[in-house]
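Shown here: run_7.txt, compact mmCIF, C-alpha atoms.
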# COMPACT_ATOMS: atom_id res chain seq x y z
CA MET A 24 54.09 -126.40 53.94
CA ALA A 25 54.15 -122.62 53.47
CA THR A 26 52.67 -123.01 50.00
CA THR A 27 49.89 -125.22 51.36
CA LYS A 28 49.02 -122.71 54.09
CA LYS A 29 49.04 -119.86 51.57
CA THR A 30 46.73 -121.79 49.23
CA LYS A 31 44.31 -122.52 52.10
CA VAL A 32 44.30 -118.88 53.21
CA THR A 33 43.69 -117.76 49.62
CA ALA A 34 40.76 -120.17 49.27
CA ILE A 35 39.25 -118.89 52.53
CA ILE A 36 39.59 -115.29 51.39
CA VAL A 37 38.04 -116.06 47.99
CA THR A 38 35.14 -117.93 49.64
CA ALA A 39 34.49 -115.05 52.02
CA ALA A 40 34.64 -112.56 49.17
CA LEU A 41 32.13 -114.61 47.19
CA ALA A 42 29.75 -114.58 50.16
CA VAL A 43 30.00 -110.79 50.53
CA ILE A 44 29.54 -110.18 46.80
CA ALA A 45 26.65 -112.66 46.74
CA PHE A 46 24.80 -110.59 49.33
CA GLY A 47 25.54 -107.45 47.33
CA ALA A 48 24.34 -109.12 44.16
CA PHE A 49 21.00 -109.82 45.79
CA ARG A 50 20.62 -106.36 47.32
CA GLY A 51 22.14 -104.24 44.56
CA ARG A 52 20.86 -105.75 41.33
CA THR A 53 18.64 -103.85 38.92
CA ARG A 54 15.32 -105.49 38.14
CA ASP A 55 13.27 -106.15 35.03
CA ALA A 56 9.56 -106.20 35.81
CA THR A 57 8.91 -108.91 33.24
CA PRO A 58 10.72 -111.97 31.82
CA THR A 59 12.42 -112.39 28.46
CA ALA A 60 9.47 -111.39 26.28
CA ALA A 61 9.44 -107.82 27.60
CA LEU A 62 13.15 -107.32 26.96
CA LEU A 63 12.72 -108.53 23.40
CA ALA A 64 9.52 -106.65 22.62
CA SER A 65 11.35 -104.41 20.16
CA SER A 66 12.20 -107.39 17.96
CA GLY A 67 8.66 -108.74 17.78
CA PRO A 68 6.94 -111.93 18.90
CA PRO A 69 8.29 -115.46 18.37
CA PRO A 70 7.61 -116.98 14.94
CA ALA A 71 4.17 -118.54 14.66
CA GLY A 72 3.89 -122.16 15.71
CA THR A 73 7.04 -122.30 17.82
CA ALA A 74 5.66 -121.60 21.29
CA ARG A 75 4.43 -124.37 23.59
CA GLY A 76 0.66 -124.82 23.70
CA ASP A 77 -1.51 -126.04 26.57
CA GLY A 78 0.19 -128.38 28.98
CA PRO A 79 1.77 -128.60 32.42
CA PRO A 80 3.00 -125.38 34.05
CA LEU A 81 6.32 -124.15 32.73
CA ARG A 82 9.40 -124.62 34.92
CA VAL A 83 11.00 -121.25 35.59
CA VAL A 84 14.75 -120.91 34.99
CA LYS A 85 16.19 -117.56 36.08
CA THR A 86 19.18 -115.70 34.71
CA PHE A 87 20.37 -112.11 34.74
CA THR A 88 19.59 -109.72 31.89
CA ARG A 89 22.19 -109.36 29.16
CA ARG A 90 22.70 -106.49 26.74
CA ASP A 91 26.03 -107.54 25.27
CA CYS A 92 27.71 -110.24 23.17
CA SER A 93 26.49 -113.02 25.45
CA LEU A 94 22.80 -112.35 24.80
CA ALA A 95 22.35 -114.11 21.44
CA PRO A 96 21.80 -117.77 22.45
CA TRP A 97 19.41 -116.84 25.26
CA LEU A 98 17.55 -114.43 22.97
CA ILE A 99 17.26 -116.68 19.93
CA THR A 100 16.45 -119.85 21.89
CA ASP A 101 13.65 -118.05 23.70
CA LYS A 102 12.43 -116.19 20.62
CA LEU A 103 12.07 -119.40 18.62
CA GLY A 104 10.05 -121.02 21.40
CA TYR A 105 12.60 -123.76 22.11
CA PHE A 106 12.54 -123.17 25.87
CA ARG A 107 8.76 -123.37 25.99
CA GLU A 108 8.76 -126.53 23.88
CA GLU A 109 10.98 -128.04 26.59
CA GLY A 110 8.59 -126.85 29.32
CA ILE A 111 10.82 -123.96 30.45
CA GLU A 112 10.08 -120.30 30.97
CA LEU A 113 13.31 -118.31 30.88
CA VAL A 114 13.06 -115.33 33.23
CA PHE A 115 15.44 -112.39 33.10
CA THR A 116 15.86 -110.96 36.62
CA GLY A 117 17.71 -107.73 35.78
CA GLU A 118 21.13 -106.50 34.84
CA LEU A 119 24.11 -107.19 37.10
CA GLN A 120 27.68 -105.97 37.10
CA ALA A 121 30.19 -108.67 36.17
CA PRO A 122 31.45 -109.28 39.75
CA GLN A 123 27.88 -109.94 40.90
CA GLN A 124 26.87 -112.46 38.24
CA VAL A 125 28.31 -115.70 39.62
CA PRO A 126 27.41 -114.81 43.22
CA SER A 127 23.81 -114.40 42.07
CA LEU A 128 23.81 -118.14 41.29
CA LEU A 129 25.34 -118.98 44.64
CA ASN A 130 22.68 -117.06 46.57
CA GLY A 131 19.78 -118.39 44.48
CA THR A 132 18.82 -115.11 42.82
CA ASN A 133 19.61 -116.72 39.46
CA ASP A 134 19.91 -120.32 38.29
CA VAL A 135 22.25 -120.36 35.31
CA THR A 136 25.00 -118.45 33.55
CA SER A 137 27.71 -119.06 30.97
CA LEU A 138 31.40 -118.95 31.84
CA HIS A 139 34.76 -119.64 30.30
CA PRO A 140 36.64 -122.57 31.88
CA ASN A 141 39.20 -120.38 33.65
CA ALA A 142 36.55 -118.21 35.30
CA ALA A 143 34.62 -121.30 36.40
CA ALA A 144 37.77 -122.94 37.76
CA MET A 145 38.49 -119.91 39.93
CA VAL A 146 34.95 -120.02 41.34
CA ILE A 147 35.19 -123.75 42.07
CA ASN A 148 38.66 -123.39 43.57
CA GLY A 149 37.22 -120.70 45.86
CA GLY A 150 34.49 -123.01 47.11
CA GLY A 151 31.66 -122.19 44.69
CA LYS A 152 29.77 -125.40 43.89
CA ILE A 153 28.91 -124.97 40.22
CA ARG A 154 29.15 -127.38 37.28
CA GLY A 155 28.97 -127.01 33.50
CA VAL A 156 26.10 -128.85 31.81
CA ALA A 157 26.40 -127.92 28.11
CA ARG A 158 28.85 -126.22 25.81
CA ALA A 159 28.04 -122.74 24.57
CA GLY A 160 30.65 -120.81 22.59
CA ARG A 161 33.44 -122.12 20.41
CA GLU A 162 35.78 -120.57 17.88
CA PRO A 163 34.70 -121.09 14.25
CA ALA A 164 36.87 -123.06 11.87
CA GLU A 165 39.54 -121.08 10.03
CA ASP A 166 37.64 -121.14 6.73
CA LEU A 167 34.58 -119.39 8.21
CA PRO A 168 34.30 -115.56 8.11
CA PRO A 169 36.48 -113.82 10.72
CA GLU A 170 33.44 -111.88 11.95
CA PHE A 171 32.44 -114.99 13.92
CA ARG A 172 35.73 -115.26 15.83
CA HIS A 173 35.50 -114.88 19.55
CA MET A 174 37.42 -111.61 19.82
CA TRP A 175 39.22 -108.98 17.77
CA TRP A 176 41.86 -106.55 19.06
CA PHE A 177 42.28 -102.97 17.86
CA VAL A 178 44.65 -100.02 18.23
CA ASN A 179 44.10 -96.34 17.63
CA PRO A 180 46.09 -95.63 14.42
CA GLU A 181 46.56 -91.99 15.38
CA LYS A 182 48.14 -92.90 18.71
CA HIS A 183 50.10 -95.90 17.40
CA PRO A 184 50.59 -95.46 13.63
CA GLY A 185 53.32 -98.11 13.52
CA VAL A 186 51.36 -100.88 15.21
CA HIS A 187 49.79 -103.32 12.75
CA SER A 188 50.13 -106.57 14.72
CA PHE A 189 50.87 -107.78 18.23
CA SER A 190 54.54 -108.15 17.23
CA ASP A 191 54.74 -104.38 16.80
CA LEU A 192 53.79 -103.89 20.45
CA ASN A 193 57.38 -104.74 21.36
CA SER A 194 58.43 -101.39 19.89
CA LEU A 195 56.25 -99.40 22.31
CA PRO A 196 58.02 -98.03 25.39
CA GLY A 197 56.80 -98.84 28.89
CA ARG A 198 53.69 -100.80 29.75
CA ILE A 199 50.78 -101.22 27.33
CA LYS A 200 47.19 -100.73 28.48
CA PHE A 201 44.77 -103.46 27.36
CA SER A 202 41.04 -103.29 28.05
CA LEU A 203 39.31 -106.35 29.48
CA ILE A 204 35.92 -107.14 30.97
CA ASN A 205 37.14 -109.43 33.76
CA SER A 206 40.41 -110.97 34.80
CA ASN A 207 40.76 -114.75 34.39
CA SER A 208 38.41 -114.64 31.41
CA CYS A 209 38.68 -114.93 27.64
CA ASN A 210 40.07 -111.39 27.42
CA ASP A 211 43.34 -112.02 29.20
CA PHE A 212 43.70 -115.75 28.45
CA LEU A 213 43.37 -115.39 24.67
CA ALA A 214 45.30 -112.11 24.49
CA ASN A 215 48.12 -113.67 26.50
CA LYS A 216 48.27 -116.63 24.11
CA ILE A 217 48.62 -114.22 21.19
CA LEU A 218 51.21 -112.16 23.06
CA ASP A 219 53.19 -115.35 23.70
CA ALA A 220 53.00 -116.27 20.02
CA HIS A 221 54.42 -112.86 19.05
CA GLY A 222 57.11 -112.78 21.72
CA VAL A 223 55.59 -109.93 23.74
CA PRO A 224 56.31 -110.32 27.49
CA ARG A 225 53.14 -110.66 29.53
CA ASP A 226 54.50 -108.33 32.22
CA LYS A 227 54.53 -105.55 29.63
CA ILE A 228 50.70 -105.48 29.75
CA GLU A 229 48.57 -103.39 32.12
CA TRP A 230 44.96 -104.58 32.23
CA VAL A 231 42.21 -101.96 32.53
CA THR A 232 38.74 -103.27 33.40
CA MET A 233 35.73 -102.02 31.42
CA PRO A 234 32.84 -103.43 29.34
CA ASP A 235 33.32 -103.78 25.59
CA VAL A 236 31.12 -100.81 24.75
CA GLN A 237 33.37 -98.54 26.86
CA ALA A 238 36.49 -100.07 25.32
CA ILE A 239 35.60 -98.37 22.03
CA GLN A 240 35.45 -94.94 23.65
CA ALA A 241 38.57 -95.51 25.76
CA LEU A 242 40.61 -96.49 22.70
CA SER A 243 39.26 -93.56 20.67
CA GLN A 244 40.27 -91.15 23.44
CA GLY A 245 43.74 -92.66 23.78
CA LEU A 246 43.09 -93.88 27.32
CA THR A 247 44.10 -97.42 26.36
CA ASP A 248 46.57 -98.78 23.83
CA VAL A 249 44.79 -101.97 22.75
CA GLY A 250 41.07 -102.67 22.87
CA GLY A 251 39.80 -106.23 22.74
CA VAL A 252 36.09 -106.66 21.97
CA HIS A 253 33.55 -109.35 21.07
CA PRO A 254 31.52 -109.62 17.83
CA PRO A 255 28.69 -107.15 18.50
CA PHE A 256 31.29 -104.44 18.92
CA PHE A 257 33.60 -105.13 15.98
CA LYS A 258 31.61 -102.71 13.84
CA GLY A 259 31.70 -100.04 16.53
CA MET A 260 35.48 -100.20 16.60
CA ILE A 261 35.73 -100.02 12.81
CA ASP A 262 33.24 -97.15 12.60
CA ALA A 263 35.34 -95.31 15.20
CA GLY A 264 38.34 -95.58 12.86
CA GLN A 265 40.30 -98.11 14.90
CA ARG A 266 42.72 -100.57 13.29
CA LYS A 267 42.35 -104.34 13.78
CA VAL A 268 45.66 -105.92 14.78
CA ALA A 269 44.70 -109.47 15.82
CA ASP A 270 41.89 -111.94 16.37
CA THR A 271 41.55 -115.20 18.28
CA LEU A 272 42.76 -117.33 15.38
CA GLU A 273 46.24 -116.16 16.37
CA ALA A 274 45.92 -117.78 19.81
CA ARG A 275 46.93 -121.02 18.04
CA LEU A 276 44.39 -123.15 19.88
CA PRO A 277 41.97 -125.72 18.46
CA PRO A 278 38.80 -123.89 17.35
CA GLU A 279 36.57 -125.77 19.80
CA SER A 280 38.87 -124.73 22.66
CA ALA A 281 39.65 -121.11 21.79
CA GLY A 282 36.16 -119.72 22.35
CA LEU A 283 35.02 -122.36 24.84
CA THR A 284 32.23 -121.54 27.27
CA TYR A 285 29.87 -123.75 29.27
CA TYR A 286 26.48 -123.16 30.85
CA PHE A 287 26.71 -123.49 34.64
CA PHE A 288 24.17 -124.32 37.33
CA THR A 289 24.87 -124.86 41.02
CA GLU A 290 25.29 -128.44 42.18
CA ASP A 291 22.23 -127.98 44.39
CA PHE A 292 20.02 -126.86 41.49
CA ILE A 293 21.25 -129.80 39.39
CA ALA A 294 20.52 -132.29 42.18
CA ARG A 295 16.98 -130.95 42.60
CA ASN A 296 16.16 -130.38 38.93
CA PRO A 297 18.12 -132.77 36.67
CA GLU A 298 15.35 -133.02 34.07
CA THR A 299 15.02 -129.24 33.89
CA VAL A 300 18.76 -128.97 33.32
CA LYS A 301 18.57 -131.54 30.52
CA ALA A 302 15.67 -129.64 28.95
CA PHE A 303 17.61 -126.38 29.19
CA ALA A 304 20.65 -127.95 27.52
CA ARG A 305 18.55 -129.41 24.68
CA ALA A 306 16.89 -126.05 24.04
CA MET A 307 20.18 -124.16 24.03
CA ILE A 308 21.87 -126.51 21.58
CA ARG A 309 18.92 -126.07 19.22
CA GLY A 310 19.15 -122.29 19.52
CA GLN A 311 22.89 -122.37 18.91
CA ARG A 312 22.46 -124.40 15.73
CA PHE A 313 19.97 -121.83 14.48
CA ILE A 314 22.47 -119.02 15.13
CA ASN A 315 25.24 -120.81 13.22
CA GLU A 316 22.92 -121.65 10.33
CA ASN A 317 21.14 -118.26 10.20
CA PRO A 318 23.82 -115.71 11.16
CA GLU A 319 22.18 -112.72 9.49
CA GLN A 320 18.82 -113.23 11.21
CA ALA A 321 20.56 -113.83 14.54
CA ARG A 322 22.61 -110.68 14.05
CA LEU A 323 19.55 -108.55 13.36
CA TRP A 324 17.60 -109.89 16.35
CA THR A 325 20.58 -109.32 18.65
CA GLN A 326 21.13 -105.82 17.28
CA GLU A 327 17.49 -104.92 17.88
CA ALA A 328 17.59 -106.22 21.42
CA ILE A 329 20.81 -104.59 22.64
CA GLY A 330 20.41 -101.36 20.68
CA VAL A 331 23.91 -101.12 19.20
CA PRO A 332 25.28 -102.08 15.77
CA VAL A 333 26.16 -105.78 15.66
CA SER A 334 28.65 -107.19 13.15
CA ALA A 335 28.01 -110.82 14.03
CA ASN A 336 27.42 -113.15 16.93
CA HIS A 337 29.72 -115.74 18.39
CA TYR A 338 29.95 -119.21 16.92
CA TYR A 339 28.44 -122.02 19.00
CA ALA A 340 28.65 -125.72 19.77
CA GLU A 341 26.06 -127.76 17.88
CA VAL A 342 26.33 -131.13 19.66
CA PRO A 343 25.65 -132.03 23.30
CA SER A 344 29.07 -133.48 24.14
CA LEU A 345 30.78 -131.66 27.02
CA ALA A 346 34.30 -132.51 25.81
CA PRO A 347 36.04 -131.41 29.04
CA GLU A 348 39.48 -131.98 27.50
CA LEU A 349 38.93 -128.78 25.53
CA ALA A 350 39.21 -126.83 28.79
CA ALA A 351 42.73 -128.08 29.51
CA PRO A 352 44.62 -125.06 28.03
CA TRP A 353 42.49 -122.67 30.09
CA LEU A 354 43.29 -124.44 33.36
CA GLU A 355 46.95 -124.94 32.49
CA ASP A 356 47.30 -121.20 31.96
CA LEU A 357 45.87 -120.55 35.44
CA GLU A 358 48.43 -122.97 36.86
CA ASP A 359 51.27 -121.34 34.93
CA THR A 360 50.37 -117.91 36.32
CA GLY A 361 49.95 -119.23 39.87
CA ALA A 362 46.24 -118.38 40.03
CA LEU A 363 45.34 -122.08 40.44
CA PRO A 364 47.42 -124.63 42.38
CA LYS A 365 48.96 -127.19 40.07
CA GLY A 366 46.89 -130.37 39.97
CA LYS A 367 44.08 -128.88 42.07
CA LEU A 368 41.46 -129.20 39.33
CA LYS A 369 41.17 -131.30 36.19
CA PRO A 370 39.00 -130.24 33.24
CA VAL A 371 36.42 -132.90 34.11
CA ASP A 372 36.05 -131.29 37.56
CA ILE A 373 34.30 -128.23 36.13
CA VAL A 374 31.53 -130.13 34.30
CA ASP A 375 28.82 -132.65 35.23
CA MET A 376 29.28 -135.63 32.94
CA GLN A 377 25.73 -136.93 33.47
CA PHE A 378 24.75 -134.33 30.86
CA ASP A 379 27.34 -135.44 28.31
CA GLY A 380 25.70 -136.51 25.05
CA ILE A 381 22.07 -136.17 26.15
CA PRO A 382 19.63 -137.39 23.44
CA PHE A 383 17.38 -134.88 21.73
CA SER A 384 14.34 -137.06 21.17
CA ASP A 385 12.98 -140.52 21.81
CA GLY A 386 14.98 -143.11 19.91
CA ASP A 387 18.09 -140.96 19.51
CA SER A 388 21.34 -142.36 20.77
CA ALA A 389 23.38 -140.02 22.93
CA ALA A 390 26.07 -138.06 21.19
CA SER A 391 29.51 -139.43 21.77
CA SER A 392 31.96 -137.55 23.91
CA GLY A 393 34.68 -135.51 22.29
CA SER A 394 35.13 -132.21 20.57
CA ALA A 395 32.68 -131.02 17.97
CA THR A 396 34.02 -130.73 14.46
CA ALA A 397 32.56 -129.84 11.12
CA GLY A 398 32.46 -133.54 10.25
CA GLU A 399 30.37 -134.66 13.20
CA PRO A 400 26.82 -135.87 12.56
CA VAL A 401 23.93 -133.52 13.13
CA TYR A 402 21.67 -135.09 15.75
CA ARG A 403 17.99 -135.38 14.99
CA LEU A 404 15.77 -132.97 16.88

How does this structure look as structure tokens?
Amino acid sequence: MATTKKTKVTAIIVTAALAVIAFGAFRGRTRDATPTAALLASSGPPPAGTARGDGPPLRVVKTFTRRDCSLAPWLITDKLGYFREEGIELVFTGELQAPQQVPSLLNGTNDVTSLHPNAAAMVINGGGKIRGVARAGREPAEDLPPEFRHMWWFVNPEKHPGVHSFSDLNSLPGRIKFSLINSNSCNDFLANKILDAHGVPRDKIEWVTMPDVQAIQALSQGLTDVGGVHPPFFKGMIDAGQRKVADTLEARLPPESAGLTYYFFTEDFIARNPETVKAFARAMIRGQRFINENPEQARLWTQEAIGVPVSANHYYAEVPSLAPELAAPWLEDLEDTGALPKGKLKPVDIVDMQFDGIPFSDGDSAASSGSATAGEPVYRL
């Protein structure tokens, strides 16, 4: 009974905190005066012939402005005109700090974001009514270049000359400072899986919150011991003279699961705009295929937009199946750490299965459920 009361109290506290942050997200956000096109002006107009012509008014879908590793699919999908072909105008509403991003959906400032399964589960467990509608990121297969892997981890070779892998962290005295963007995200989940694989106790780690771009500086100055960053910042770490000691392949998870993210809308937005959500999902899958098939062009466009050297972008899902079973390891880890009550949520509880396997054009059959693999058919657009 005590555990039940504690869980209820925790849920109430989380819900209240979300409400407070949501108000702050609305009042404290920075604003862009114009939608996506203005942000991307430095990288030129969309290719000729891709934008929607005359027709019904575009349906506005709002999201916060990104200038980091998560920008690429939004950028490329918009730049190629795929949103407009689906009748959507993507509007960037301004940059937000990480704690304000999900609350901005809950208060209606924004409509959509991408989240890892563990972050989404914590929101839903706290009372936030959001659901995933399409897969975004995934880990590339092992035979693809490592630059596309979801994260790399680095150490400062001057501070830790004997550390060449996570196994070597056991030789360091005391606690080890790891950078991360958010707790209950890819940063700690994937790093913990690698730590487990190398026999490093999780309680040896001290997490220090900062964006990836600051992680480079913090590691260079010796303020942290291990810096984990996403693809746009791999090159920055290397240029700063840092030593790579691991990447997400070492998490020993299926590729489709290791880098898993979904696009999330609120349940209310989905109920009011199901066709818009379907159109958004179709456009995003098309953009993600382009990124996987044209990595150099995607890299250059992303680099121009965010203004920092970009080594590569993430790797993305290319089929519309939601494959909720891929989220299982993320939720199980939350249960193991006590962040999520055991059995409270199943993977299917974080997605909306009405959007599983949506067809891309008239006459197409819906994609079957299940994880995407290199051998799956490419659906006709």

Can you tell me, as a PyMOL selection string, what residues are no more than 6 Å from Val156 in chain A when counting all atoms listed in the file, ignoring any on the same chain fewer than 5 positions away?
-> chain A and resi 286+375+378

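Taking CA of Lys85 in chain A and CA of Leu323 in chain A as the two end points, the separation is 24.7 Å.
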
Taking a cut-off of 12 Å and counting all atoms listed in the file, can you build a table that, for each residue of range 274-331 of chain A near range 171-183 of chain A, reports the nearest atom pair and how far apart they are in Å (one decimal), sorted by chain then residue number, as a tab-separated table?
residue	atom	partner	partner_atom	distance
A:Ala274	CA	A:Met174	CA	10.5
A:Pro278	CA	A:Arg172	CA	9.3
A:Glu279	CA	A:His173	CA	10.9
A:Ser280	CA	A:His173	CA	10.9
A:Ala281	CA	A:His173	CA	7.8
A:Gly282	CA	A:His173	CA	5.6
A:Leu283	CA	A:His173	CA	9.2
A:Thr284	CA	A:His173	CA	10.7
A:Ile314	CA	A:Phe171	CA	10.8
A:Asn315	CA	A:Phe171	CA	9.3
A:Pro318	CA	A:Phe171	CA	9.1
A:Glu319	CA	A:Phe171	CA	11.4
A:Ala321	CA	A:Phe171	CA	12.0
A:Arg322	CA	A:Phe171	CA	10.7

Counting all atoms listed in the file, what is within 7 Å of range 228-234 of chain A, bar same-chain residues fewer than 3 positions away, as an mmCIF file with C-alpha atoms, in the coordinates of the input?
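File produced: selection13.cif:
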data_model
loop_
_atom_site.group_PDB
_atom_site.id
_atom_site.type_symbol
_atom_site.label_atom_id
_atom_site.label_comp_id
_atom_site.auth_asym_id
_atom_site.auth_seq_id
_atom_site.Cartn_x
_atom_site.Cartn_y
_atom_site.Cartn_z
ATOM 1 C CA ARG A 198 53.690 -100.800 29.750
ATOM 2 C CA ILE A 199 50.780 -101.220 27.330
ATOM 3 C CA LYS A 200 47.190 -100.730 28.480
ATOM 4 C CA PHE A 201 44.770 -103.460 27.360
ATOM 5 C CA SER A 202 41.040 -103.290 28.050
ATOM 6 C CA LEU A 203 39.310 -106.350 29.480
ATOM 7 C CA ILE A 204 35.920 -107.140 30.970
ATOM 8 C CA ASN A 205 37.140 -109.430 33.760
ATOM 9 C CA ARG A 225 53.140 -110.660 29.530
ATOM 10 C CA GLN A 237 33.370 -98.540 26.860
ATOM 11 C CA ALA A 238 36.490 -100.070 25.320
#

Using all atoms listed in the file, which of the listed residues (A:Ala157, A:Ala328, A:Asp211, A:Ala220) sits closest to Pro347 in chain A?
->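 Of the candidates, the smallest distance to Pro347 in chain A is held by A:Ala157.
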
Which of these, A:His253, A:Arg154, A:Val342, A:Leu218, has the shortest distance to Ala306 in chain A once you count all atoms listed in the file?
->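 Nearest to Ala306 in chain A: A:Val342.
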
A:Arg158, A:Lys369, A:His337, A:Arg89 ranked by distance to Glu355 in chain A, top pick (using all atoms listed in the file) =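 Closest residue, counting all atoms listed in the file: A:Lys369.
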
Got a sec: who's within 10 Å of Asp356 in chain A, counting only C-alpha atoms, leaving out chain neighbours fewer than 4 positions off, as a ChimeraX atom specification?
-> /A:141,207,212,215-216,351-352,360-363

Which residues, protein or nucleic acid, reach to within 10 Å of (26.0, -133.9, 32.4) in the file's coordinates when using only C-alpha atoms, and can you give that as a PyMOL selection string?
-> chain A and resi 154-157+293+297+300-301+304+343-345+374-381

Extract, using all atoms listed in the file, all DNA, RNA and protein residues at most 12 Å from Ser93 in chain A, discarding same-chain residues fewer than 5 positions from it, and format them as a PyMOL selection string.
-> chain A and resi 87-88+98-99+136-139+159-160+173+235+253-256+284-286+311+325+328-329+335-339

Select, from A:Val83, A:Ile147, A:Leu128, A:Cys92, the residue with the minimum atom-to-atom distance to Asp291 in chain A, counting only C-alpha atoms.
-> A:Leu128

Interatomic distance, CA of Lys367 in chain A to CA of Phe287 in chain A (Å, one decimal) =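 Going from CA of Lys367 in chain A over to CA of Phe287 in chain A, I get 19.6 Å.
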
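Between CA of Lys267 in chain A and CA of His187 in chain A lies a distance of 7.6 Å.
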
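If only C-alpha atoms are the atoms counted, then among A:Ala350, A:Val252, A:Leu81, A:Ala142 the closest residue to Val371 in chain A is A:Ala350.
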
Of the candidates A:Leu357, A:Ile217, A:Ala144, A:Leu113, which one gets nearest to Thr271 in chain A if we count all atoms listed in the file?
->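 Result for the nearest residue to Thr271 in chain A: A:Ile217.
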